[in-house]
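Visitor: Take this structure, written in structure tokens, and hold onto it; I'll ask about it next.
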Amino acid sequence: MAISESAYIQEKFSALQTQQADAVLNEIRLKAFENFQVNGIPSYKNEEWRYTPVSQLFKKPFELSENTVSIEQQFLQQTRLPNSNEANELIFVNGVYDASLSNIRSKELVVLPLEKALSDSTYAELVKAHLGKSSLYIKDGVHALNTSFINGGVFVYVPKNAQIDLPFYVYHLCNTQKNPVLAQPRSLVYISESASLKIVEHYATIGNTDSFINEVMEVVVAENAQFEYYKLQADVANANQVNTTHIRQIGKSFVHTVVATLTGGMLRNNTNIIMEKAGNEAHMYGLYLLNGSTHADNHTLVDNREPNCFSNELYKGILDGSSTGVFSGKIYVRPQAQKTNAYQSNKNILLSDNASVNTKPQLEIFADDVKCSHGCTVGRLDEEALFYLRSRGIDAAQAKAMLLLAFANDVIDKINIESLREHIEDIIVNRLAVQTS
Amino acid sequence: MKEEIDVLEQAIGSEYKYGFVTNIETETVPKGLNEDIIRLISQKKNEPEWMLNWRLKAYAHWLKMEAPDWANIKYPPINFQDIIYYAAPKKKKALNSLDEVDPELLKTFEKLGISIAEQKRLTGVAVDVVMDSVSVATSFKQQLAEVGIIFCSMSEAIQNHPDLVQKYLGSVVPMTDNYFSALNSAVFSDGSFCYIPKGVRCPMELSTYFRINAENTGQFERTLIVAEEGAYVSYLEGCTAPKRDENQLHAAVVELVAHKDAEIKYSTVQNWYPGDANGEGGIYNFVTKRGICLGERSKISWSQVETGSAITWKYPSVILKGDYSVGEFYSVALTNHLQQADTGTKMIHIGKNTRSRIVSKGISAGKSQNSYRGLVKVAKNAINARNFSQCDSLLLGDKCGAHTFPYIEASHPSAIIEHEATTSKIGEDQLFYCRQRGIDTEAAVALIVTGFAKEVMNQLPMEFAVEAQKLLAISLEGSVG
């Protein structure tokens, strides 16, 4: 039975509302569920989903995940990123936070289940004030579905002045051995004044049936805080994702994001940066190196609500096989956001006849004293550069790999966690060596 | 340089000067839209049955469609039953020559700066004049006919060249294409038809002048240009309308067909009444324009200067089907007061080694909203497709908006597509430079804007360039300071 059958979802929703009763969450979930019923699953007619047929995914017999799934230690071990022993690890199994597998090593870092944070007098008000704000920006049914099923989510709190030097690894593990799984992890991260945090999200599916992770992470960055965000998507071909990373800069702060998409099924990343204070700065980078039938869709939004903000965005794509890449970037400059400085660039290389790319860099500007520009290219490898390398005795395959690596490195170099950068670079070097020979 | 500024200064002092109404007897059909009205229009025009059937089919399809809402424009829903679909200056008998044209009509066009009578003497431009729903005069027919060119109103073409019309009408913009093209197919009243035979280089610029005069009417004209193998034609289009407080609808369809080695250059200076400073009145300009490069090495070039209309919704497109074909789009869109423009182009690369170039300059002033929306699509077998797009926006004032929505869809690895866009305001240093040389602010702004738009202006035929430049300055008036 397709998961889009409303009776199934309705039933699961009612069950959740009675089982996990919490006044605040119940209300948020109910409101989202009403939205879900009104908006439904977006079709290609929805402008935001024009190139990503997400409704196809919803025709599959996914089961909404249950809490009782276990994951083998060995699988977790394989999935771990390098230097895991010197990092904080947060683990979601089928979309539900698993405290026993997680490992928080930094003393100042507070990690609580959402339900618990809501009943904790220190954090309850903070959670209430900030949970669910992404719904103001993303109104489609997929996002509403996540919010309707907030369960087993996490609240992460970085106290004032705390510098969390260890990277914060967030693993999303999916066990689909029994049946195809729709996992809906939810998290809220609050980085207080003058604090800093580096989050790395990583995804892994075990099992032969399909997984579908529909994730929402909301991040609130306060005055003078620093936030770095990395996403590595290198899962199996039957792993599908719709990820929303909604970052609000409520104080003058610094945000740096890198999204690396290497393998997977149908992947969609919404990366939103909302500049709510004057003088904010954000850098967004993305690389999609695709092969096979992977579909990667990056939607980014920079909403300049206040003056004097700066944003820089660079997304690069290399597409081979019959993969498809989608980029849709939106820079929004509100009337009061004078002196905005915003750049956006999207560059693509197509390597095969069956690969395709659809890109849509958009500017919506309502203020006059701004400097905004965007550029976008689709092309192939430079024949002259190839010739130059070959004339120096480098064979065609290697020359091609060198040029592609150089192209990708513009983005990979922006990963400030050394072990992670080297890990991703290794994957890319190996991939290119195989792919081009 | 000096003269340029003079022209601008002179222009700045004036407002929309084409806002007068001609007092001429008009024959109209009743308000509203239904099958009977379509039959009536068809009957009035003495059309053959295939034409009527075509219209009815389009109407049936239109009834099933919904008005599009994806564009970045806002307007109250249009009541299609409150529009008069056919209005024509009353004619006593068929006209044989320009001398028989109603003098009142001639005066109107003289006032607009297009003296039909004068055109007769001066060589250069052949004009087809369309007032409200029908073509009132076409000049130079005889001279054009000598080289085999057919240039006449659409109604005449339906009577005299039914084979050509049947072959090409709707071949580029099918009647089912979109909401407004379906409406146009059902009720279109007149327009221009132009056929350039094989190997002929059209000796003069062809031109159509569109004028809305009657009240409560909608104008639905249809233009079809066919260039046979090796032919060349340059075609100009101009539009004006009287000042009125209510909004009037203009939904035209333009189709261009370029065969092997043919070239069509289509230029528009659109200056429909834009409404007053408070957004009262003005024309809704919902136009479908598309050309197809059918043969090898054919070329279609759109140039447009859009300064009028309360709302502009128009995307002149080129389908690059023939190998080595070329598509070009040059546009200046200026919006002031409460005008809204959502305009751009589509370049569909299908053939091999096709090239396209897009240069779009948007200027927003007052409280207007100006959007560029474009599509560059490279189909699966379009080897070595090449596109370059450049969209620049200039904002004058802090209450207006400039938006860019480019869509790029590439499905072949050999494609090279480049798109770049910038948004900025006029630099303080640029203004300061002009002012210290004794140019006042308003003139300085006009000067800088002219420079900003120059790349596109250069593409316009001489006859239009001066008018277009004046237009830019007039439309800017009151937006500074």
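In the structure tokens, the first chain shown is A, the next is B, and so on; residue numbers restart at 1 for each chain, and ligands run from 1 in the order shown.
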Please give the complete set of residues from stretch 195-377 of chain A that DSSP, run on the backbone, assigns to strand (DSSP E or B), formatted as a ChimeraX atom specification.
Guide: /A:196-206,211-221,226-234,239-249,254-263,266-275,281-290,295-304,310-319,324-333,341-350,356-365,371-377
Visitor: Within 8 Å of chain A, which residues of chain B show up when using only C-alpha atoms, listed as a PyMOL selection string?
Guide: chain B and resi 380+395-425
Visitor: Give me a file of those residues, with N, CA and C atoms, as a CSV table (one decimal), in the first residue's frame.
Guide:
```csv
chain,number,residue,atom,x,y,z
B,380,LYS,N,18.0,16.7,-25.7
B,380,LYS,CA,18.9,15.5,-25.6
B,380,LYS,C,19.9,15.4,-26.7
B,395,LEU,N,18.0,49.5,-10.1
B,395,LEU,CA,16.9,49.9,-9.3
B,395,LEU,C,17.1,51.4,-9.0
B,396,LEU,N,16.0,52.2,-9.3
B,396,LEU,CA,15.9,53.6,-9.0
B,396,LEU,C,14.9,53.8,-7.9
B,397,GLY,N,15.4,54.0,-6.7
B,397,GLY,CA,14.5,54.2,-5.6
B,397,GLY,C,14.4,52.9,-4.8
B,398,ASP,N,13.9,53.1,-3.5
B,398,ASP,CA,13.9,52.0,-2.6
B,398,ASP,C,12.5,51.3,-2.5
B,399,LYS,N,11.6,51.7,-3.3
B,399,LYS,CA,10.3,51.1,-3.2
B,399,LYS,C,9.9,50.1,-4.3
B,400,CYS,N,10.9,49.9,-5.2
B,400,CYS,CA,10.6,49.1,-6.4
B,400,CYS,C,11.3,47.7,-6.2
B,401,GLY,N,11.0,46.8,-7.1
B,401,GLY,CA,11.6,45.5,-7.0
B,401,GLY,C,12.2,45.0,-8.3
B,402,ALA,N,13.3,44.3,-8.2
B,402,ALA,CA,13.9,43.7,-9.5
B,402,ALA,C,14.1,42.2,-9.2
B,403,HIS,N,13.6,41.4,-10.1
B,403,HIS,CA,13.7,40.0,-9.8
B,403,HIS,C,14.2,39.2,-11.0
B,404,THR,N,14.9,38.2,-10.8
B,404,THR,CA,15.4,37.4,-11.9
B,404,THR,C,15.1,35.9,-11.6
B,405,PHE,N,14.5,35.3,-12.6
B,405,PHE,CA,14.1,33.9,-12.5
B,405,PHE,C,14.6,33.1,-13.7
B,406,PRO,N,15.9,32.8,-13.9
B,406,PRO,CA,16.3,32.1,-15.0
B,406,PRO,C,16.2,30.6,-14.8
B,407,TYR,N,15.7,29.9,-15.8
B,407,TYR,CA,15.7,28.4,-15.7
B,407,TYR,C,16.7,27.9,-16.8
B,408,ILE,N,17.5,27.0,-16.3
B,408,ILE,CA,18.5,26.4,-17.3
B,408,ILE,C,18.4,24.9,-17.2
B,409,GLU,N,18.0,24.3,-18.3
B,409,GLU,CA,17.8,22.8,-18.4
B,409,GLU,C,18.7,22.3,-19.4
B,410,ALA,N,19.8,21.6,-19.0
B,410,ALA,CA,20.8,21.1,-20.0
B,410,ALA,C,20.7,19.5,-19.9
B,411,SER,N,20.6,18.9,-21.1
B,411,SER,CA,20.6,17.5,-21.2
B,411,SER,C,21.6,17.0,-22.2
B,412,HIS,N,22.6,17.8,-22.5
B,412,HIS,CA,23.6,17.2,-23.4
B,412,HIS,C,25.0,17.7,-22.9
B,413,PRO,N,26.0,16.8,-22.8
B,413,PRO,CA,27.2,17.2,-22.2
B,413,PRO,C,28.0,18.2,-23.0
B,414,SER,N,27.7,18.3,-24.3
B,414,SER,CA,28.5,19.3,-25.1
B,414,SER,C,28.0,20.7,-25.0
B,415,ALA,N,26.9,20.9,-24.3
B,415,ALA,CA,26.3,22.2,-24.2
B,415,ALA,C,27.2,23.1,-23.3
B,416,ILE,N,27.3,24.4,-23.8
B,416,ILE,CA,27.9,25.4,-22.9
B,416,ILE,C,26.9,26.5,-22.7
B,417,ILE,N,26.6,26.7,-21.4
B,417,ILE,CA,25.6,27.7,-21.1
B,417,ILE,C,26.2,28.6,-20.0
B,418,GLU,N,26.1,29.9,-20.3
B,418,GLU,CA,26.5,30.8,-19.3
B,418,GLU,C,25.4,31.8,-19.0
B,419,HIS,N,25.2,32.0,-17.7
B,419,HIS,CA,24.2,33.0,-17.3
B,419,HIS,C,24.8,33.9,-16.3
B,420,GLU,N,24.7,35.2,-16.4
B,420,GLU,CA,25.1,36.1,-15.4
B,420,GLU,C,24.1,37.2,-15.2
B,421,ALA,N,24.0,37.6,-13.9
B,421,ALA,CA,23.0,38.6,-13.6
B,421,ALA,C,23.6,39.5,-12.5
B,422,THR,N,23.3,40.8,-12.6
B,422,THR,CA,23.6,41.7,-11.5
B,422,THR,C,22.5,42.6,-11.2
B,423,THR,N,22.4,43.0,-10.0
B,423,THR,CA,21.5,44.0,-9.6
B,423,THR,C,22.2,45.1,-8.9
B,424,SER,N,21.9,46.4,-9.3
B,424,SER,CA,22.6,47.4,-8.6
B,424,SER,C,21.8,48.7,-8.7
B,425,LYS,N,22.3,49.8,-8.1
B,425,LYS,CA,21.6,51.0,-8.3
B,425,LYS,C,22.6,52.0,-9.0
```
Visitor: Using only C-alpha atoms, which protein or nucleic acid residues come within 7 Å of stretch 187-197 of chain A? Drop anything in the same chain fewer than 4 positions from it, and give the result as a PyMOL selection string.
Guide: chain A and resi 131+153-164+216-228
Visitor: Go ahead and save the residues from that selection, with N, CA and C atoms, as an mmCIF file, in the first residue's frame.
Guide:
```
data_model
loop_
_atom_site.group_PDB
_atom_site.id
_atom_site.type_symbol
_atom_site.label_atom_id
_atom_site.label_comp_id
_atom_site.auth_asym_id
_atom_site.auth_seq_id
_atom_site.Cartn_x
_atom_site.Cartn_y
_atom_site.Cartn_z
ATOM 1 N N LEU A 131 10.884 26.212 18.068
ATOM 2 C CA LEU A 131 10.548 24.989 17.332
ATOM 3 C C LEU A 131 9.460 25.262 16.283
ATOM 4 N N GLY A 153 12.703 13.415 18.776
ATOM 5 C CA GLY A 153 13.592 14.462 18.276
ATOM 6 C C GLY A 153 14.598 14.870 19.340
ATOM 7 N N VAL A 154 15.456 15.805 18.955
ATOM 8 C CA VAL A 154 16.544 16.185 19.856
ATOM 9 C C VAL A 154 16.622 17.700 19.982
ATOM 10 N N PHE A 155 16.965 18.125 21.189
ATOM 11 C CA PHE A 155 17.257 19.539 21.397
ATOM 12 C C PHE A 155 18.730 19.657 21.777
ATOM 13 N N VAL A 156 19.476 20.466 21.032
ATOM 14 C CA VAL A 156 20.896 20.649 21.309
ATOM 15 C C VAL A 156 21.100 22.096 21.735
ATOM 16 N N TYR A 157 21.776 22.259 22.858
ATOM 17 C CA TYR A 157 21.957 23.614 23.383
ATOM 18 C C TYR A 157 23.431 23.867 23.663
ATOM 19 N N VAL A 158 23.947 24.963 23.098
ATOM 20 C CA VAL A 158 25.327 25.355 23.390
ATOM 21 C C VAL A 158 25.251 26.607 24.250
ATOM 22 N N PRO A 159 25.729 26.533 25.514
ATOM 23 C CA PRO A 159 25.594 27.674 26.404
ATOM 24 C C PRO A 159 26.471 28.850 25.976
ATOM 25 N N LYS A 160 26.193 29.989 26.588
ATOM 26 C CA LYS A 160 26.909 31.219 26.300
ATOM 27 C C LYS A 160 28.418 31.021 26.430
ATOM 28 N N ASN A 161 29.146 31.560 25.470
ATOM 29 C CA ASN A 161 30.616 31.536 25.462
ATOM 30 C C ASN A 161 31.251 30.157 25.306
ATOM 31 N N ALA A 162 30.448 29.112 25.127
ATOM 32 C CA ALA A 162 31.034 27.766 25.029
ATOM 33 C C ALA A 162 31.572 27.540 23.617
ATOM 34 N N GLN A 163 32.841 27.201 23.514
ATOM 35 C CA GLN A 163 33.423 26.865 22.216
ATOM 36 C C GLN A 163 33.509 25.348 22.146
ATOM 37 N N ILE A 164 32.678 24.743 21.348
ATOM 38 C CA ILE A 164 32.704 23.277 21.249
ATOM 39 C C ILE A 164 33.698 22.945 20.135
ATOM 40 N N VAL A 216 14.190 17.363 9.299
ATOM 41 C CA VAL A 216 14.191 18.813 9.498
ATOM 42 C C VAL A 216 15.117 19.139 10.658
ATOM 43 N N MET A 217 16.086 19.986 10.408
ATOM 44 C CA MET A 217 16.946 20.486 11.484
ATOM 45 C C MET A 217 16.821 21.998 11.503
ATOM 46 N N GLU A 218 16.452 22.508 12.653
ATOM 47 C CA GLU A 218 16.376 23.962 12.794
ATOM 48 C C GLU A 218 17.526 24.425 13.664
ATOM 49 N N VAL A 219 18.207 25.446 13.212
ATOM 50 C CA VAL A 219 19.358 25.947 13.950
ATOM 51 C C VAL A 219 19.141 27.429 14.240
ATOM 52 N N VAL A 220 19.364 27.813 15.474
ATOM 53 C CA VAL A 220 19.244 29.223 15.840
ATOM 54 C C VAL A 220 20.622 29.697 16.283
ATOM 55 N N VAL A 221 21.108 30.745 15.630
ATOM 56 C CA VAL A 221 22.445 31.232 15.932
ATOM 57 C C VAL A 221 22.329 32.631 16.542
ATOM 58 N N ALA A 222 22.789 32.771 17.785
ATOM 59 C CA ALA A 222 22.628 34.046 18.494
ATOM 60 C C ALA A 222 23.813 34.972 18.230
ATOM 61 N N GLU A 223 23.759 36.147 18.834
ATOM 62 C CA GLU A 223 24.751 37.202 18.650
ATOM 63 C C GLU A 223 26.179 36.684 18.820
ATOM 64 N N ASN A 224 27.015 37.059 17.859
ATOM 65 C CA ASN A 224 28.445 36.767 17.960
ATOM 66 C C ASN A 224 28.791 35.279 17.947
ATOM 67 N N ALA A 225 27.843 34.429 17.627
ATOM 68 C CA ALA A 225 28.112 32.984 17.626
ATOM 69 C C ALA A 225 28.630 32.552 16.260
ATOM 70 N N GLN A 226 29.241 31.368 16.246
ATOM 71 C CA GLN A 226 29.738 30.809 14.984
ATOM 72 C C GLN A 226 29.145 29.437 14.785
ATOM 73 N N PHE A 227 28.713 29.171 13.567
ATOM 74 C CA PHE A 227 28.137 27.851 13.296
ATOM 75 C C PHE A 227 28.687 27.329 11.975
ATOM 76 N N GLU A 228 29.248 26.131 12.040
ATOM 77 C CA GLU A 228 29.691 25.475 10.814
ATOM 78 C C GLU A 228 28.844 24.232 10.620
#
```
Visitor: Which parts of stretch 137-318 of chain A does DSSP call alpha helix (DSSP H) when run on the backbone here, written out as a PyMOL selection string?
Guide: chain A and resi 141-148
Visitor: Restricted to C-alpha atoms, what would the selected residues look like written as an mmCIF file, in the first residue's frame?
Guide:
```cif
data_model
loop_
_atom_site.group_PDB
_atom_site.id
_atom_site.type_symbol
_atom_site.label_atom_id
_atom_site.label_comp_id
_atom_site.auth_asym_id
_atom_site.auth_seq_id
_atom_site.Cartn_x
_atom_site.Cartn_y
_atom_site.Cartn_z
ATOM 1 C CA GLY A 141 3.265 18.679 2.493
ATOM 2 C CA VAL A 142 6.602 16.889 2.850
ATOM 3 C CA HIS A 143 7.824 19.366 5.414
ATOM 4 C CA ALA A 144 4.476 19.383 7.187
ATOM 5 C CA LEU A 145 4.631 15.597 7.378
ATOM 6 C CA ASN A 146 7.859 15.746 9.363
ATOM 7 C CA THR A 147 6.378 18.235 11.771
ATOM 8 C CA SER A 148 3.206 16.160 12.113
#
```
Visitor: Go through B:Leu40, B:Leu460, B:Ala67, B:Val173 one by one, measure the shortest atom-to-atom distance of each to B:Ser185 using only C-alpha atoms, and give the residue with the smallest value.
Guide: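 When distances to B:Ser185 are compared using only C-alpha atoms, the smallest one comes from B:Val173.
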Visitor: Write out as a list of chain:residue names each polymer residue whose atoms come within 6 Å of stretch 154-165 of chain B, counting only C-alpha atoms; drop sequence neighbours fewer than 4 positions from it.
Guide: B:Leu169, B:Asp190, B:Gly191, B:Ser192, B:Phe193
Visitor: Taking into account only C-alpha atoms, which residue in the set B:Glu49, B:Asp69, B:Glu146, B:Glu306 is nearest to B:Gln270?
Guide: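 Ranking B:Glu49, B:Asp69, B:Glu146, B:Glu306 by distance to B:Gln270, first place goes to B:Glu306.
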Visitor: Can you list, as a ChimeraX atom specification, every protein, DNA or RNA residue that comes within 7 Å of stretch 399-405 of chain A when you count only C-alpha atoms, leaving out same-chain residues fewer than 6 positions away?
Guide: /A:386,389-390,432-433,436
Visitor: Can you list, as a CSV table (one decimal) with N, CA and C atoms, in the first residue's frame, every protein, DNA or RNA residue that comes within 7 Å of B:Glu255 when you count only C-alpha atoms, leaving out same-chain residues fewer than 4 positions away?
Guide:
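Saved to out_32.csv:
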```
chain,number,residue,atom,x,y,z
B,172,VAL,N,3.4,27.5,-34.8
B,172,VAL,CA,4.4,27.9,-33.9
B,172,VAL,C,3.8,28.0,-32.5
B,173,VAL,N,2.7,28.7,-32.4
B,173,VAL,CA,2.0,28.8,-31.2
B,173,VAL,C,0.6,28.1,-31.3
B,223,THR,N,-0.2,38.1,-35.5
B,223,THR,CA,0.8,38.4,-36.6
B,223,THR,C,1.5,37.1,-37.0
B,224,LEU,N,1.7,37.0,-38.2
B,224,LEU,CA,2.3,35.8,-38.8
B,224,LEU,C,3.4,36.2,-39.8
B,225,ILE,N,4.6,35.8,-39.6
B,225,ILE,CA,5.6,36.2,-40.6
B,225,ILE,C,6.3,34.9,-41.0
B,289,LYS,N,4.7,35.4,-27.9
B,289,LYS,CA,5.4,35.6,-29.2
B,289,LYS,C,6.4,34.5,-29.3
B,290,ARG,N,6.5,33.8,-30.4
B,290,ARG,CA,7.4,32.7,-30.6
B,290,ARG,C,7.8,32.6,-32.0
B,291,GLY,N,9.1,32.2,-32.2
B,291,GLY,CA,9.6,32.0,-33.5
B,291,GLY,C,10.2,30.6,-33.6
```
Visitor: Can you measure atom CA of B:Thr312 to atom CA of B:Cys239 for me? One decimal in Å is fine.
Guide: 13.0 Å
Visitor: Please list as a short mmCIF file (atom, residue, chain, number, x, y, z; two decimals) with C-alpha atoms, in the first residue's frame every residue within 9 Å of stretch 91-105 of chain A, counting only C-alpha atoms and excluding residues in the same chain fewer than 6 positions away.
Guide:
```cif
data_model
loop_
_atom_site.label_atom_id
_atom_site.label_comp_id
_atom_site.auth_asym_id
_atom_site.auth_seq_id
_atom_site.Cartn_x
_atom_site.Cartn_y
_atom_site.Cartn_z
CA SER A 65 9.25 4.15 11.51
CA GLU A 66 8.65 2.57 14.92
CA ASN A 67 10.84 3.12 17.93
CA VAL A 69 14.28 -1.02 15.65
CA SER A 70 17.79 -1.95 16.65
CA ILE A 71 21.02 -1.43 14.80
CA GLN A 73 27.16 -2.14 16.56
CA LEU A 76 27.55 1.72 13.26
CA VAL A 111 21.71 17.21 24.32
CA LEU A 112 18.16 16.35 25.36
CA PRO A 113 15.24 14.53 23.81
CA ASN A 151 8.74 12.10 17.90
CA GLY A 152 12.09 11.13 19.31
CA GLY A 153 13.59 14.46 18.28
CA VAL A 154 16.54 16.19 19.86
CA LEU A 166 35.11 18.67 18.95
CA PHE A 168 29.44 17.16 16.46
CA TYR A 169 28.69 14.13 14.29
CA VAL A 170 25.04 13.38 13.65
CA TYR A 171 24.46 9.91 12.17
CA HIS A 172 21.17 9.00 10.59
CA LEU A 173 21.01 5.22 10.46
CA CYS A 174 18.18 3.46 8.68
CA ASN A 175 17.44 -0.20 9.11
CA THR A 176 15.27 -1.34 6.25
CA VAL A 181 11.19 2.83 6.11
CA LEU A 182 10.19 6.46 6.19
CA ALA A 183 12.25 8.04 8.96
CA GLN A 184 11.55 11.59 10.08
CA PRO A 185 14.28 12.89 12.36
CA ARG A 186 13.76 16.31 13.90
CA SER A 211 14.83 4.10 2.97
CA ILE A 213 14.67 10.09 5.41
CA ASN A 214 12.56 13.21 5.70
CA GLU A 215 14.59 15.35 8.04
#
```
Visitor: In Å, rounded to a single decimal, give me how far atom CA of A:Gly40 is from atom CA of A:Tyr8.
Guide: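 If I compute the distance from atom CA of A:Tyr8 to atom CA of A:Gly40, I get 14.0 Å.
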Visitor: Name the closest residue to A:Lys45 among the candidates B:Arg357, B:Pro68, B:Cys194, B:Trp54; distances are taken between atoms, counting only C-alpha atoms.
Guide: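 Between B:Arg357, B:Pro68, B:Cys194, B:Trp54, the residue approaching A:Lys45 most closely is B:Pro68.
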